[in-house]
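Asks: target-v6.cif (mmCIF, C-alpha atoms) pasted underneath:
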data_work
loop_
_atom_site.label_atom_id
_atom_site.label_comp_id
_atom_site.auth_asym_id
_atom_site.auth_seq_id
_atom_site.Cartn_x
_atom_site.Cartn_y
_atom_site.Cartn_z
CA MET A 21 -3.53 -25.74 5.72
CA LEU A 22 -1.08 -22.84 5.98
CA HIS A 23 2.66 -23.52 5.88
CA ILE A 24 5.23 -20.72 6.03
CA THR A 25 8.84 -21.11 4.94
CA SER A 26 11.71 -18.69 4.61
CA ILE A 27 14.45 -19.16 2.03
CA THR A 28 17.65 -17.27 1.34
CA THR A 29 19.08 -16.52 -2.07
CA GLN A 30 21.48 -19.47 -1.75
CA GLU A 31 18.62 -21.75 -0.76
CA GLN A 32 16.50 -20.46 -3.65
CA GLU A 33 19.23 -21.57 -6.05
CA ASN A 34 19.40 -24.99 -4.38
CA SER A 35 15.58 -25.16 -4.00
CA VAL A 36 15.86 -26.30 -0.39
CA PRO A 37 13.47 -24.22 1.73
CA GLU A 38 13.92 -24.05 5.49
CA THR A 39 10.88 -23.82 7.74
CA ALA A 40 10.59 -20.38 9.27
CA MET A 41 10.72 -19.80 12.97
CA ALA A 42 7.88 -17.83 14.53
CA ASP A 43 10.33 -15.23 15.86
CA GLY A 44 11.15 -13.22 12.76
CA MET A 45 11.21 -15.42 9.65
CA THR A 46 14.99 -15.76 9.57
CA SER A 47 17.10 -18.31 7.78
CA HIS A 48 19.90 -20.39 9.31
CA ASN A 49 22.46 -17.62 8.71
CA GLY A 50 20.28 -14.83 10.18
CA GLU A 51 19.29 -13.22 6.86
CA LEU A 52 15.78 -11.83 6.59
CA ASN A 53 14.60 -12.61 3.07
CA ASN A 54 11.53 -13.72 1.16
CA THR A 55 8.77 -15.60 2.91
CA HIS A 56 6.95 -18.24 0.93
CA ILE A 57 3.41 -19.03 2.02
CA HIS A 58 1.88 -22.32 0.90
CA HIS A 59 -1.90 -22.11 0.99
CA ALA A 60 -4.28 -24.52 -0.73
CA ASN A 61 -1.58 -25.87 -3.10
CA ARG A 62 -0.49 -22.37 -4.14
CA LEU A 63 2.81 -20.64 -3.45
CA ALA A 64 2.87 -16.89 -2.80
CA VAL A 65 6.07 -14.92 -2.22
CA THR A 66 5.91 -12.11 0.31
CA HIS A 67 8.97 -9.92 0.67
CA MET A 68 10.26 -8.83 4.04
CA SER A 69 12.22 -5.85 2.68
CA PHE A 70 11.82 -3.37 -0.19
CA TYR A 71 12.41 -4.76 -3.66
CA TRP A 72 12.05 -3.52 -7.24
CA GLY A 73 10.18 -5.30 -9.98
CA HIS A 74 6.78 -5.60 -11.60
CA SER A 75 5.94 -9.03 -10.22
CA VAL A 76 3.92 -8.02 -7.18
CA ILE A 77 0.58 -8.56 -5.47
CA VAL A 78 -1.11 -5.32 -4.41
CA LEU A 79 -4.37 -5.26 -2.42
CA PHE A 80 -6.02 -8.18 -4.24
CA ASP A 81 -4.95 -11.74 -4.99
CA HIS A 82 -3.31 -12.05 -8.45
CA TRP A 83 -3.37 -8.26 -9.06
CA PRO A 84 -1.42 -6.88 -10.85
CA GLY A 85 0.44 -10.18 -11.30
CA ASN A 86 3.40 -10.40 -13.69
CA ASP A 87 2.06 -8.05 -16.40
CA PRO A 88 4.09 -4.79 -16.64
CA ALA A 89 1.06 -2.89 -17.99
CA MET A 90 -1.05 -3.94 -15.01
CA TYR A 91 1.83 -2.98 -12.70
CA ALA A 92 1.84 0.50 -14.25
CA LEU A 93 -1.92 0.67 -13.70
CA ALA A 94 -1.42 -0.38 -10.05
CA ILE A 95 1.12 2.42 -9.57
CA ILE A 96 -1.30 4.96 -11.04
CA PHE A 97 -4.13 3.58 -8.90
CA ILE A 98 -2.11 3.83 -5.66
CA PHE A 99 -0.96 7.34 -6.60
CA CYS A 100 -4.60 8.37 -7.11
CA LEU A 101 -5.70 6.80 -3.82
CA ALA A 102 -3.00 8.70 -1.90
CA PHE A 103 -3.94 11.88 -3.78
CA LEU A 104 -7.61 11.29 -2.82
CA VAL A 105 -6.66 11.02 0.86
CA GLU A 106 -5.05 14.46 0.72
CA PHE A 107 -8.05 15.85 -1.18
CA LEU A 108 -10.40 14.59 1.53
CA LEU A 109 -8.15 16.03 4.26
CA GLY A 110 -7.80 19.41 2.56
CA PHE A 111 -11.37 20.56 2.15
CA GLU A 112 -14.16 21.40 4.53
CA PHE A 113 -17.36 20.09 2.96
CA ALA A 114 -19.85 21.91 5.18
CA LYS A 115 -22.94 23.05 3.32
CA PRO A 116 -24.32 26.39 4.56
CA GLY A 117 -27.79 26.00 6.01
CA ALA A 118 -27.47 22.25 6.67
CA THR A 119 -28.85 20.88 9.92
CA LYS A 120 -26.38 19.98 12.63
CA VAL A 121 -27.31 16.29 12.49
CA GLY A 122 -27.04 16.21 8.69
CA ALA A 123 -23.67 17.97 8.74
CA CYS A 124 -22.34 15.58 11.41
CA LEU A 125 -23.54 12.52 9.49
CA PHE A 126 -21.97 13.84 6.29
CA LYS A 127 -18.64 14.52 8.05
CA THR A 128 -18.75 11.04 9.58
CA GLY A 129 -19.31 9.52 6.14
CA LEU A 130 -16.36 11.45 4.73
CA TYR A 131 -14.23 10.34 7.65
CA LEU A 132 -15.24 6.73 6.95
CA VAL A 133 -14.26 7.03 3.27
CA ARG A 134 -10.97 8.78 4.10
CA SER A 135 -10.06 6.14 6.67
CA ALA A 136 -10.86 3.28 4.28
CA VAL A 137 -8.81 4.82 1.46
CA SER A 138 -5.92 5.54 3.87
CA TYR A 139 -5.87 1.93 4.99
CA MET A 140 -5.91 0.73 1.37
CA VAL A 141 -2.82 2.86 0.65
CA MET A 142 -1.14 1.50 3.77
CA LEU A 143 -1.89 -2.09 2.78
CA ALA A 144 -0.50 -1.45 -0.72
CA VAL A 145 2.75 -0.11 0.76
CA VAL A 146 3.06 -3.27 2.86
CA SER A 147 3.68 -5.12 -0.42
CA TYR A 148 7.23 -3.72 0.04
CA ASN A 149 7.48 -2.91 -3.65
CA GLY A 150 9.59 0.20 -4.27
CA GLY A 151 7.42 1.49 -7.12
CA ILE A 152 4.23 1.15 -5.09
CA PHE A 153 5.89 2.91 -2.15
CA LEU A 154 7.04 5.81 -4.34
CA ALA A 155 3.57 6.09 -5.90
CA ALA A 156 1.96 6.34 -2.45
CA VAL A 157 4.46 8.93 -1.20
CA GLY A 158 4.21 10.87 -4.47
CA GLY A 159 0.41 10.88 -4.36
CA HIS A 160 0.43 12.20 -0.81
CA ALA A 161 3.05 14.84 -1.68
CA VAL A 162 1.27 16.13 -4.80
CA GLY A 163 -2.09 16.08 -3.01
CA PHE A 164 -0.64 18.01 -0.09
CA LEU A 165 0.95 20.54 -2.44
CA ILE A 166 -2.31 21.17 -4.28
CA PHE A 167 -4.90 20.92 -1.51
CA ARG A 168 -3.24 21.67 1.81
CA SER A 169 -0.09 23.76 1.29
CA ARG A 170 -2.10 26.85 0.29
CA LEU A 171 0.17 27.30 -2.73
CA PHE A 172 -2.79 27.91 -5.02
CA GLY A 173 -4.99 29.76 -2.52
CA LYS A 174 -4.83 32.48 0.07
CA CYS A 175 -3.28 31.78 3.43
CA ASP A 176 -5.39 32.44 6.51
CA GLY A 177 -3.39 35.58 7.35
CA GLU A 178 -3.73 37.20 3.90
#
Have the structure of the file written as structure tokens, please.
Replies:
Amino acid sequence: MLHITSITTQEQENSVPETAMADGMTSHNGELNNTHIHHANRLAVTHMSFYWGHSVIVLFDHWPGNDPAMYALAIIFIFCLAFLVEFLLGFEFAKPGATKVGACLFKTGLYLVRSAVSYMVMLAVVSYNGGIFLAAVGGHAVGFLIFRSRLFGKCDGE
């Protein structure tokens, strides 16, 4: 059974959760704060605004958890995923002499991989953790700079 509650900072201190309304997860005073989800005798906290801290769940249940080293690994992982998206967007992988069907299937496969990785980055950002957000934006920015800005290669007009 799934039960969703929303509690404010004051209510967290008093440990008196208020059941959330379906129209926005607000508390009695209109604040939009943490949402606690009770599922199968477990309590998971999902934030409704950006927050800082290493206690976060990114992509998979219990990962990275409360371990700062695993949080650092999660930041590096999300940075690399965003970087990979820009890499896949920046290069044309057409092999000279390939058949039209083979080239189209290969491009479709690359599109599939790029879409899946893009959605993984998006889902990680929805954790609302500031470090994860900055890692995703940084990975996209560095990937764009290297692979798509033409900084390290010739421009089309040169």
Asks: Could you work out how far CA of Phe164 (chain A) lies from CA of Glu106 (chain A), giving the answer in Å with one decimal?
Replies: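 For CA of Glu106 (chain A) relative to CA of Phe164 (chain A), the distance reads 5.7 Å.
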Asks: Just the number, please: distance in Å from CA of Phe80 (chain A) to CA of His67 (chain A), one decimal.
Replies: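 Result for CA of Phe80 (chain A) versus CA of His67 (chain A): 15.9 Å, one decimal.
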Asks: Measuring between all atoms listed in the file, which one of A:Gly151, A:Met90, A:Pro116, A:Pro84 shows the shortest distance to Trp72 (chain A)?
Replies: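 Checking each candidate against Trp72 (chain A), we get A:Gly151 as the closest.
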Asks: To test your reading of the syntax: which residues would the PyMOL selection byres ((chain A and resi 159) around 7) return for the file shown? Reply as a tab-separated table (two decimals) with C-alpha atoms, keeping the file's coordinate frame.
Replies:
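The resulting file, out15.tsv, is shown below:
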chain	number	residue	atom	x	y	z
A	99	PHE	CA	-0.96	7.34	-6.60
A	100	CYS	CA	-4.60	8.37	-7.11
A	102	ALA	CA	-3.00	8.70	-1.90
A	103	PHE	CA	-3.94	11.88	-3.78
A	155	ALA	CA	3.57	6.09	-5.90
A	156	ALA	CA	1.96	6.34	-2.45
A	157	VAL	CA	4.46	8.93	-1.20
A	158	GLY	CA	4.21	10.87	-4.47
A	160	HIS	CA	0.43	12.20	-0.81
A	161	ALA	CA	3.05	14.84	-1.68
A	162	VAL	CA	1.27	16.13	-4.80
A	163	GLY	CA	-2.09	16.08	-3.01
Asks: Quick check, in Å to one decimal: how far apart do CA of Leu93 (chain A) and CA of Ser69 (chain A) lie?
Replies: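 Between these atoms lies a distance of 22.6 Å.
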Asks: Find the residues near Leu108 (chain A): any atom within 10 Å, counting only C-alpha atoms, skip ones fewer than 6 places away on the same chain, and give them as JSON, numbers by chain.
Replies: {"A": [130, 131, 133, 134, 135, 137, 163, 167]}
Asks: Dump C-alpha atoms for the selected residues as an mmCIF file, keeping the file's coordinate frame?
Replies:
data_model
loop_
_atom_site.group_PDB
_atom_site.id
_atom_site.type_symbol
_atom_site.label_atom_id
_atom_site.label_comp_id
_atom_site.auth_asym_id
_atom_site.auth_seq_id
_atom_site.Cartn_x
_atom_site.Cartn_y
_atom_site.Cartn_z
ATOM 1 C CA LEU A 130 -16.360 11.450 4.730
ATOM 2 C CA TYR A 131 -14.230 10.340 7.650
ATOM 3 C CA VAL A 133 -14.260 7.030 3.270
ATOM 4 C CA ARG A 134 -10.970 8.780 4.100
ATOM 5 C CA SER A 135 -10.060 6.140 6.670
ATOM 6 C CA VAL A 137 -8.810 4.820 1.460
ATOM 7 C CA GLY A 163 -2.090 16.080 -3.010
ATOM 8 C CA PHE A 167 -4.900 20.920 -1.510
#
Asks: Can you translate the PyMOL selection byres ((chain A and resi 78) around 9) into the concrete residues it hits in this file, as a count of residues only?
Replies: 17
Asks: Could you give me the centre and size, in Å to one decimal, of an axis-aligned box around all listed atoms of region 97-113 of chain A with 8 Å added on every side, as lines of an AutoDock Vina configuration file?
Replies:
center_x = -9.2
center_y = 12.5
center_z = -2.2
size_x = 32.4
size_y = 33.8
size_z = 29.4
Asks: Pick out the closest residue to Met142 (chain A) from this set: A:Leu165, A:Leu171, A:Val105, A:Cys124. Count only C-alpha atoms.
Replies: A:Val105
Asks: May I ask which of the residues A:Ile95, A:Leu125, A:Ala136, A:Leu101 is the closest one to Gly73 (chain A), counting all atoms listed in the file?
Replies: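 With all atoms listed in the file as the atom set, the closest residue is A:Ile95.
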Asks: Between A:His74, A:Ile96, A:Phe111, A:Leu154, which one has atoms that come closest to Arg170 (chain A), using all atoms listed in the file?
Replies: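 Under the stated criterion, the closest residue is A:Phe111.
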